[in-house]
$ cat query-v2.pdb   # PDB, C-alpha atoms
ATOM      1  CA  MET A 334     -14.576  15.691  11.937  1.00  0.00           C
ATOM      2  CA  ARG A 335     -11.174  14.042  12.306  1.00  0.00           C
ATOM      3  CA  THR A 336     -10.151  11.659   9.549  1.00  0.00           C
ATOM      4  CA  VAL A 337      -8.276   8.392   8.953  1.00  0.00           C
ATOM      5  CA  ALA A 338      -4.945   7.833   7.211  1.00  0.00           C
ATOM      6  CA  LEU A 339      -5.025   4.461   5.466  1.00  0.00           C
ATOM      7  CA  ILE A 340      -1.632   2.847   4.830  1.00  0.00           C
ATOM      8  CA  ILE A 341      -0.973   0.216   2.150  1.00  0.00           C
ATOM      9  CA  PRO A 342       2.383  -1.627   2.075  1.00  0.00           C
ATOM     10  CA  CYS A 343       3.092  -2.963  -1.394  1.00  0.00           C
ATOM     11  CA  PHE A 344       5.685  -5.477  -2.528  1.00  0.00           C
ATOM     12  CA  ASN A 345       5.154  -6.822  -6.064  1.00  0.00           C
ATOM     13  CA  HIS A 346       1.378  -6.401  -5.826  1.00  0.00           C
ATOM     14  CA  GLY A 347       0.890  -4.019  -8.735  1.00  0.00           C
ATOM     15  CA  ALA A 348      -1.678  -6.362 -10.280  1.00  0.00           C
ATOM     16  CA  THR A 349      -4.070  -6.008  -7.316  1.00  0.00           C
ATOM     17  CA  LEU A 350      -3.119  -2.541  -6.080  1.00  0.00           C
ATOM     18  CA  GLU A 351      -5.737  -0.746  -8.179  1.00  0.00           C
ATOM     19  CA  ARG A 352      -8.532  -2.911  -6.769  1.00  0.00           C
ATOM     20  CA  ALA A 353      -7.351  -2.086  -3.253  1.00  0.00           C
ATOM     21  CA  ILE A 354      -7.104   1.660  -3.948  1.00  0.00           C
ATOM     22  CA  ARG A 355     -10.485   1.921  -5.640  1.00  0.00           C
ATOM     23  CA  SER A 356     -12.121   0.122  -2.719  1.00  0.00           C
ATOM     24  CA  VAL A 357     -10.844   2.856  -0.385  1.00  0.00           C
ATOM     25  CA  LEU A 358     -11.386   6.129  -2.233  1.00  0.00           C
ATOM     26  CA  PRO A 359     -15.201   6.322  -1.838  1.00  0.00           C
ATOM     27  CA  ARG A 360     -15.078   5.730   1.917  1.00  0.00           C
ATOM     28  CA  ALA A 361     -16.283   8.599   4.083  1.00  0.00           C
ATOM     29  CA  GLY A 362     -13.791   9.743   6.699  1.00  0.00           C
ATOM     30  CA  LEU A 363     -10.698   9.050   4.588  1.00  0.00           C
ATOM     31  CA  GLY A 364      -8.195  11.875   5.023  1.00  0.00           C
ATOM     32  CA  GLU A 365      -5.159  10.435   3.278  1.00  0.00           C
ATOM     33  CA  LEU A 366      -4.073   7.223   1.594  1.00  0.00           C
ATOM     34  CA  ILE A 367      -0.391   6.333   1.794  1.00  0.00           C
ATOM     35  CA  ILE A 368       1.075   3.649  -0.472  1.00  0.00           C
ATOM     36  CA  VAL A 369       4.487   2.445   0.692  1.00  0.00           C
ATOM     37  CA  ASP A 370       6.408   0.526  -1.952  1.00  0.00           C
ATOM     38  CA  ASP A 371       8.697  -1.946  -0.181  1.00  0.00           C
ATOM     39  CA  ARG A 372      11.303  -1.957  -2.955  1.00  0.00           C
ATOM     40  CA  SER A 373       9.225  -4.025  -5.378  1.00  0.00           C
ATOM     41  CA  THR A 374      11.299  -5.990  -7.879  1.00  0.00           C
ATOM     42  CA  ASP A 375       8.656  -6.537 -10.563  1.00  0.00           C
ATOM     43  CA  ASP A 376       9.168  -3.245 -12.491  1.00  0.00           C
ATOM     44  CA  PHE A 377       5.394  -2.775 -12.334  1.00  0.00           C
ATOM     45  CA  SER A 378       4.265  -2.036  -8.798  1.00  0.00           C
ATOM     46  CA  TRP A 379       6.122   1.277  -8.384  1.00  0.00           C
ATOM     47  CA  PRO A 380       4.921   2.782 -11.714  1.00  0.00           C
ATOM     48  CA  LYS A 381       1.397   1.525 -10.971  1.00  0.00           C
ATOM     49  CA  ALA A 382       1.413   3.205  -7.561  1.00  0.00           C
ATOM     50  CA  GLN A 383       2.515   6.488  -9.121  1.00  0.00           C
ATOM     51  CA  GLU A 384      -0.179   6.181 -11.776  1.00  0.00           C
ATOM     52  CA  LEU A 385      -2.859   5.566  -9.157  1.00  0.00           C
ATOM     53  CA  ALA A 386      -1.667   8.553  -7.104  1.00  0.00           C
ATOM     54  CA  ARG A 387      -2.911  10.775  -9.918  1.00  0.00           C
ATOM     55  CA  LEU A 388      -6.481   9.620  -9.255  1.00  0.00           C
ATOM     56  CA  ASP A 389      -6.863  11.589  -6.030  1.00  0.00           C
ATOM     57  CA  ALA A 390      -4.981  14.339  -4.218  1.00  0.00           C
ATOM     58  CA  ARG A 391      -5.262  12.359  -0.963  1.00  0.00           C
ATOM     59  CA  ILE A 392      -2.937   9.629  -2.293  1.00  0.00           C
ATOM     60  CA  GLN A 393       0.768   9.779  -1.471  1.00  0.00           C
ATOM     61  CA  VAL A 394       3.376   7.250  -2.625  1.00  0.00           C
ATOM     62  CA  LEU A 395       6.496   6.524  -0.564  1.00  0.00           C
ATOM     63  CA  ALA A 396       9.454   4.261  -1.294  1.00  0.00           C
ATOM     64  CA  MET A 397      11.271   2.268   1.354  1.00  0.00           C
ATOM     65  CA  PRO A 398      15.068   2.766   1.374  1.00  0.00           C
ATOM     66  CA  HIS A 399      15.406  -1.041   1.251  1.00  0.00           C
ATOM     67  CA  ASN A 400      13.078  -4.042   1.491  1.00  0.00           C
ATOM     68  CA  GLY A 401      12.008  -4.173   5.126  1.00  0.00           C
ATOM     69  CA  GLY A 402       8.789  -6.175   5.098  1.00  0.00           C
ATOM     70  CA  PRO A 403       5.230  -5.046   5.788  1.00  0.00           C
ATOM     71  CA  ALA A 404       5.972  -3.978   9.373  1.00  0.00           C
ATOM     72  CA  ALA A 405       8.650  -1.492   8.348  1.00  0.00           C
ATOM     73  CA  ALA A 406       6.555  -0.243   5.422  1.00  0.00           C
ATOM     74  CA  ARG A 407       3.531   0.345   7.649  1.00  0.00           C
ATOM     75  CA  ASN A 408       5.692   2.109  10.235  1.00  0.00           C
ATOM     76  CA  LEU A 409       7.050   4.478   7.584  1.00  0.00           C
ATOM     77  CA  GLY A 410       3.519   5.244   6.456  1.00  0.00           C
ATOM     78  CA  ALA A 411       2.422   5.887  10.041  1.00  0.00           C
ATOM     79  CA  ARG A 412       5.324   8.278  10.645  1.00  0.00           C
ATOM     80  CA  THR A 413       4.369  10.181   7.504  1.00  0.00           C
ATOM     81  CA  ALA A 414       0.621  10.321   8.218  1.00  0.00           C
ATOM     82  CA  ARG A 415      -0.916  13.545   9.485  1.00  0.00           C
ATOM     83  CA  CYS A 416      -4.339  12.229  10.537  1.00  0.00           C
ATOM     84  CA  ASP A 417      -5.288  11.454  14.125  1.00  0.00           C
ATOM     85  CA  TYR A 418      -6.343   7.902  13.252  1.00  0.00           C
ATOM     86  CA  LEU A 419      -4.608   5.135  11.305  1.00  0.00           C
ATOM     87  CA  SER A 420      -5.858   2.108   9.396  1.00  0.00           C
ATOM     88  CA  PHE A 421      -4.137  -0.541   7.265  1.00  0.00           C
ATOM     89  CA  LEU A 422      -4.948  -2.389   4.049  1.00  0.00           C
ATOM     90  CA  ASP A 423      -2.869  -5.029   2.294  1.00  0.00           C
ATOM     91  CA  ALA A 424      -2.323  -4.404  -1.404  1.00  0.00           C
ATOM     92  CA  ASP A 425      -4.079  -7.626  -2.409  1.00  0.00           C
ATOM     93  CA  ASP A 426      -7.177  -7.072  -0.228  1.00  0.00           C
ATOM     94  CA  GLU A 427     -10.082  -4.613  -0.337  1.00  0.00           C
ATOM     95  CA  LEU A 428     -12.561  -2.694   1.797  1.00  0.00           C
ATOM     96  CA  ILE A 429     -16.168  -3.745   1.289  1.00  0.00           C
ATOM     97  CA  ASP A 430     -18.076  -1.346   3.556  1.00  0.00           C
ATOM     98  CA  ASP A 431     -17.797   2.061   5.167  1.00  0.00           C
ATOM     99  CA  PHE A 432     -16.567   2.013   8.746  1.00  0.00           C
ATOM    100  CA  PHE A 433     -14.175   4.946   9.195  1.00  0.00           C
ATOM    101  CA  VAL A 434     -16.793   7.471  10.328  1.00  0.00           C
ATOM    102  CA  GLU A 435     -18.481   4.945  12.615  1.00  0.00           C
ATOM    103  CA  ALA A 436     -15.123   4.049  14.183  1.00  0.00           C
ATOM    104  CA  ILE A 437     -14.170   7.708  14.640  1.00  0.00           C
ATOM    105  CA  GLU A 438     -17.486   8.427  16.347  1.00  0.00           C
ATOM    106  CA  LEU A 439     -16.910   5.550  18.782  1.00  0.00           C
ATOM    107  CA  LEU A 440     -13.384   6.760  19.553  1.00  0.00           C
ATOM    108  CA  GLU A 441     -14.436  10.390  19.944  1.00  0.00           C
ATOM    109  CA  ALA A 442     -17.243   9.391  22.299  1.00  0.00           C
ATOM    110  CA  GLN A 443     -14.948   7.217  24.442  1.00  0.00           C
ATOM    111  CA  PRO A 444     -11.497   8.811  24.899  1.00  0.00           C
ATOM    112  CA  GLU A 445     -10.293   5.771  26.861  1.00  0.00           C
ATOM    113  CA  MET A 446     -10.880   3.484  23.852  1.00  0.00           C
ATOM    114  CA  GLY A 447      -7.648   2.655  21.995  1.00  0.00           C
ATOM    115  CA  ALA A 448      -8.959   1.309  18.709  1.00  0.00           C
ATOM    116  CA  VAL A 449     -11.967  -0.105  16.868  1.00  0.00           C
ATOM    117  CA  LYS A 450     -12.027  -3.421  14.980  1.00  0.00           C
ATOM    118  CA  THR A 451     -14.569  -4.688  12.469  1.00  0.00           C
ATOM    119  CA  ASP A 452     -15.347  -8.198  11.326  1.00  0.00           C
ATOM    120  CA  GLU A 453     -13.795  -9.505   8.080  1.00  0.00           C
ATOM    121  CA  LEU A 454     -14.436 -11.829   5.162  1.00  0.00           C
ATOM    122  CA  PHE A 455     -11.689 -14.392   4.606  1.00  0.00           C
ATOM    123  CA  PHE A 456     -11.986 -15.450   0.972  1.00  0.00           C
ATOM    124  CA  ASP A 457     -10.061 -18.188  -0.837  1.00  0.00           C
ATOM    125  CA  PRO A 458     -10.353 -17.337  -4.559  1.00  0.00           C
ATOM    126  CA  VAL A 459      -9.063 -20.772  -5.622  1.00  0.00           C
ATOM    127  CA  LYS A 460     -11.592 -22.749  -3.594  1.00  0.00           C
ATOM    128  CA  GLY A 461     -14.272 -20.083  -3.855  1.00  0.00           C
ATOM    129  CA  TYR A 462     -14.647 -20.437  -0.096  1.00  0.00           C
ATOM    130  CA  ILE A 463     -15.408 -17.881   2.599  1.00  0.00           C
ATOM    131  CA  LEU A 464     -14.455 -18.820   6.163  1.00  0.00           C
ATOM    132  CA  PRO A 465     -17.765 -18.672   8.072  1.00  0.00           C
ATOM    133  CA  ALA A 466     -18.032 -16.663  11.280  1.00  0.00           C
ATOM    134  CA  THR A 467     -19.131 -19.852  13.026  1.00  0.00           C
ATOM    135  CA  ASP A 468     -15.796 -21.547  12.292  1.00  0.00           C
ATOM    136  CA  PRO A 469     -13.668 -21.840  15.482  1.00  0.00           C
ATOM    137  CA  ARG A 470     -10.763 -20.235  13.626  1.00  0.00           C
ATOM    138  CA  TYR A 471     -12.687 -17.113  12.623  1.00  0.00           C
ATOM    139  CA  GLN A 472     -12.422 -15.023  15.788  1.00  0.00           C
ATOM    140  CA  ALA A 473      -8.736 -15.875  16.203  1.00  0.00           C
ATOM    141  CA  ALA A 474      -8.092 -14.795  12.616  1.00  0.00           C
ATOM    142  CA  VAL A 475      -9.867 -11.469  13.134  1.00  0.00           C
ATOM    143  CA  LEU A 476      -8.131 -10.657  16.412  1.00  0.00           C
ATOM    144  CA  SER A 477      -4.667 -11.636  15.179  1.00  0.00           C
ATOM    145  CA  SER A 478      -4.648  -9.292  12.178  1.00  0.00           C
ATOM    146  CA  VAL A 479      -4.543  -5.515  11.859  1.00  0.00           C
ATOM    147  CA  HIS A 480      -7.003  -5.589   8.977  1.00  0.00           C
ATOM    148  CA  SER A 481     -10.160  -3.526   9.507  1.00  0.00           C
ATOM    149  CA  LEU A 482      -8.588  -1.690  12.447  1.00  0.00           C
ATOM    150  CA  VAL A 483      -8.886   2.030  13.175  1.00  0.00           C
ATOM    151  CA  ILE A 484      -6.385   2.997  15.865  1.00  0.00           C
ATOM    152  CA  ARG A 485      -5.487   6.260  17.524  1.00  0.00           C
ATOM    153  CA  ARG A 486      -2.175   7.527  16.176  1.00  0.00           C
ATOM    154  CA  ASP A 487      -0.802   8.113  19.679  1.00  0.00           C
ATOM    155  CA  VAL A 488      -1.737   4.562  20.727  1.00  0.00           C
ATOM    156  CA  PHE A 489       0.047   3.181  17.666  1.00  0.00           C
ATOM    157  CA  PHE A 490       3.263   4.945  18.668  1.00  0.00           C
ATOM    158  CA  ALA A 491       2.845   4.053  22.342  1.00  0.00           C
ATOM    159  CA  LEU A 492       2.973   0.419  21.177  1.00  0.00           C
ATOM    160  CA  GLY A 493       6.148   1.181  19.237  1.00  0.00           C
ATOM    161  CA  GLY A 494       4.529   0.458  15.872  1.00  0.00           C
ATOM    162  CA  PHE A 495       5.000  -2.970  14.287  1.00  0.00           C
ATOM    163  CA  PRO A 496       8.039  -5.079  15.276  1.00  0.00           C
ATOM    164  CA  GLU A 497      10.504  -4.981  12.379  1.00  0.00           C
ATOM    165  CA  ASP A 498      12.941  -7.698  13.455  1.00  0.00           C
ATOM    166  CA  THR A 499      13.443 -10.499  10.922  1.00  0.00           C
ATOM    167  CA  ALA A 500      12.151 -12.951  13.553  1.00  0.00           C
ATOM    168  CA  PHE A 501       8.673 -11.708  12.636  1.00  0.00           C
ATOM    169  CA  ARG A 502       9.113 -12.376   8.902  1.00  0.00           C
ATOM    170  CA  GLY A 503       9.164 -16.175   8.997  1.00  0.00           C
ATOM    171  CA  PRO A 504       6.762 -18.561   7.259  1.00  0.00           C
ATOM    172  CA  HIS A 505       4.099 -18.070   9.933  1.00  0.00           C
ATOM    173  CA  GLY A 506       4.264 -14.285  10.066  1.00  0.00           C
ATOM    174  CA  GLY A 507       4.082 -12.587  13.416  1.00  0.00           C
ATOM    175  CA  GLU A 508       4.179  -8.783  13.314  1.00  0.00           C
ATOM    176  CA  ASP A 509       0.366  -8.524  13.207  1.00  0.00           C
ATOM    177  CA  VAL A 510      -0.050 -11.006  16.055  1.00  0.00           C
ATOM    178  CA  ALA A 511       2.513  -9.272  18.279  1.00  0.00           C
ATOM    179  CA  PHE A 512       0.995  -5.853  17.598  1.00  0.00           C
ATOM    180  CA  MET A 513      -2.568  -6.999  18.262  1.00  0.00           C
ATOM    181  CA  GLN A 514      -1.583  -8.826  21.456  1.00  0.00           C
ATOM    182  CA  GLY A 515       0.006  -5.638  22.771  1.00  0.00           C
ATOM    183  CA  LEU A 516      -3.034  -3.607  21.792  1.00  0.00           C
ATOM    184  CA  ILE A 517      -5.485  -6.032  23.394  1.00  0.00           C
ATOM    185  CA  GLU A 518      -3.453  -6.360  26.601  1.00  0.00           C
ATOM    186  CA  HIS A 519      -2.645  -2.702  27.230  1.00  0.00           C
ATOM    187  CA  PHE A 520      -5.265  -0.537  25.515  1.00  0.00           C
ATOM    188  CA  GLN A 521      -8.676  -1.831  26.496  1.00  0.00           C
ATOM    189  CA  PRO A 522     -11.449  -1.182  25.860  1.00  0.00           C
ATOM    190  CA  LEU A 523     -11.438  -1.897  22.150  1.00  0.00           C
ATOM    191  CA  GLY A 524     -14.486  -1.048  20.096  1.00  0.00           C
ATOM    192  CA  ARG A 525     -16.142  -3.482  17.709  1.00  0.00           C
ATOM    193  CA  ILE A 526     -18.210  -3.066  14.579  1.00  0.00           C
ATOM    194  CA  ALA A 527     -19.981  -6.398  14.175  1.00  0.00           C
ATOM    195  CA  ARG A 528     -20.132  -6.657  10.399  1.00  0.00           C
ATOM    196  CA  PRO A 529     -17.531  -7.495   7.747  1.00  0.00           C
ATOM    197  CA  CYS A 530     -15.952  -4.339   6.309  1.00  0.00           C
ATOM    198  CA  TYR A 531     -12.706  -5.840   4.979  1.00  0.00           C
ATOM    199  CA  LYS A 532     -12.185  -8.687   2.506  1.00  0.00           C
ATOM    200  CA  VAL A 533      -9.029 -10.771   2.843  1.00  0.00           C
ATOM    201  CA  HIS A 534      -8.054 -12.507  -0.394  1.00  0.00           C
ATOM    202  CA  SER A 535      -6.214 -15.583   0.864  1.00  0.00           C
ATOM    203  CA  CYS A 536      -3.660 -17.070  -1.505  1.00  0.00           C
ATOM    204  CA  ALA A 537      -0.830 -19.592  -1.589  1.00  0.00           C
ATOM    205  CA  GLY A 538       1.950 -18.483   0.715  1.00  0.00           C
ATOM    206  CA  SER A 539      -0.131 -15.970   2.654  1.00  0.00           C
ATOM    207  CA  HIS A 540       0.063 -16.077   6.442  1.00  0.00           C
TER     208      HIS A 540
END
$ encode --input "query-v2.pdb" --output "structure tokens"
Amino acid sequence: MRTVALIIPCFNHGATLERAIRSVLPRAGLGELIIVDDRSTDDFSWPKAQELARLDARIQVLAMPHNGGPAAARNLGARTARCDYLSFLDADDELIDDFFVEAIELLEAQPEMGAVKTDELFFDPVKGYILPATDPRYQAAVLSSVHSLVIRRDVFFALGGFPEDTAFRGPHGGEDVAFMQGLIEHFQPLGRIARPCYKVHSCAGSH
């Protein structure tokens, strides 16, 4: 079976990186895990990433030549990946269910399908609040993020990867939204796994 390369951009998230990594390693269908340090300035994230790489031969750690933001870090990881499918995890989030094999099976069965998306849990650790799926904002939040996405590698590059211009690094974000809009508009059908497989840990300052 083909496998998934999961890419984690990391900028000063050494404190949560281990939680993210350990949530990924047991998942069936994982071929490689690529941590891309975006020139962290905390003197902790880079050593932590190297330490975690010793846990599993599938883990590779890359360093950005300069701080470029999550879009540039993800693009570097995608260019380095060898697997046929790509997925993305933020360094302060975690996977909470297996979905790689299920997504691969959907994509293998339907060659015209560009990607598969699962549902997510949006958790605010300060308020102890999970955004319910019945909230009007829920579906927009899921479809505007690349979390819990398994995408064909060739589709990713056909879209040009994530936009790296600084216009997409403002207070409201934007690279995820632009990428997902392009994917939804040009690469239908998209598959769906209707259960939460990814947990977003919302925090102050997060988009």
$ atom_distance --input "query-v2.pdb" --atom1 "atom CA of A:Leu440" --atom2 "atom CA of A:Ala411"
18.5 Å
$ closest_atom_pairs --input "query-v2.pdb" --of "stretch 401-512 of chain A" --to "stretch 362-382 of chain A" --cutoff "6 Å" --atoms "all atoms listed in the file" --output "JSON lines"
{"residue": "A:Ala406", "atom": "CA", "partner": "A:Val369", "partner_atom": "CA", "distance": 5.8}
{"residue": "A:Phe433", "atom": "CA", "partner": "A:Gly362", "partner_atom": "CA", "distance": 5.4}
{"residue": "A:Val434", "atom": "CA", "partner": "A:Gly362", "partner_atom": "CA", "distance": 5.2}
$ closest_residue --input "query-v2.pdb" --among "A:Gly347, A:Ile484, A:Ala353, A:Ala396" --to "A:Glu384" --atoms "all atoms listed in the file"
A:Gly347
$ resolve_selection --input "query-v2.pdb" --expression "the PyMOL selection byres ((chain A and resi 417-430) around 9)" --output "ChimeraX atom specification"
/A:335-344,346-357,360,368,403,407,411,414-416,431-433,437,448,479-487,489,528-535
$ resolve_selection --input "query-v2.pdb" --expression "the PyMOL selection byres ((chain A and resi 476) around 10)" --output "list in words"
Lys450, Thr451, Asp452, Tyr471, Gln472, Ala473, Ala474, Val475, Ser477, Ser478, Val479, His480, Leu482, Asp509, Val510, Met513, Gln514 and Ile517 of chain A
$ resolve_selection --input "query-v2.pdb" --expression "the PyMOL selection byres ((chain A and resi 518-523) around 7)" --output "list of chain:residue names"
A:Met446, A:Gly447, A:Ala448, A:Val449, A:Gln514, A:Gly515, A:Leu516, A:Ile517, A:Gly524, A:Arg525
$ closest_residue --input "query-v2.pdb" --among "A:Ala500, A:Ala527, A:Gln443, A:Val488" --to "A:Ala466" --atoms "all atoms listed in the file"
A:Ala527
$ residues_near_point --input "query-v2.pdb" --point "(11.1, 6.4, 11.4)" --cutoff "12 Å" --atoms "all atoms listed in the file" --output "list in words"
Met397, Pro398, Ala404, Ala405, Ala406, Arg407, Asn408, Leu409, Gly410, Ala411, Arg412, Thr413, Ala414, Phe490, Gly493, Gly494, Phe495 and Glu497 of chain A
$ atom_distance --input "query-v2.pdb" --atom1 "atom CA of A:Pro359" --atom2 "atom CA of A:Glu453"
18.7 Å
$ atom_distance --input "query-v2.pdb" --atom1 "atom CA of A:Ala390" --atom2 "atom CA of A:Ile526"
28.8 Å
$ closest_residue --input "query-v2.pdb" --among "A:Gly507, A:Phe455, A:Phe512, A:Leu439" --to "A:Ala491" --atoms "all atoms listed in the file"
A:Phe512
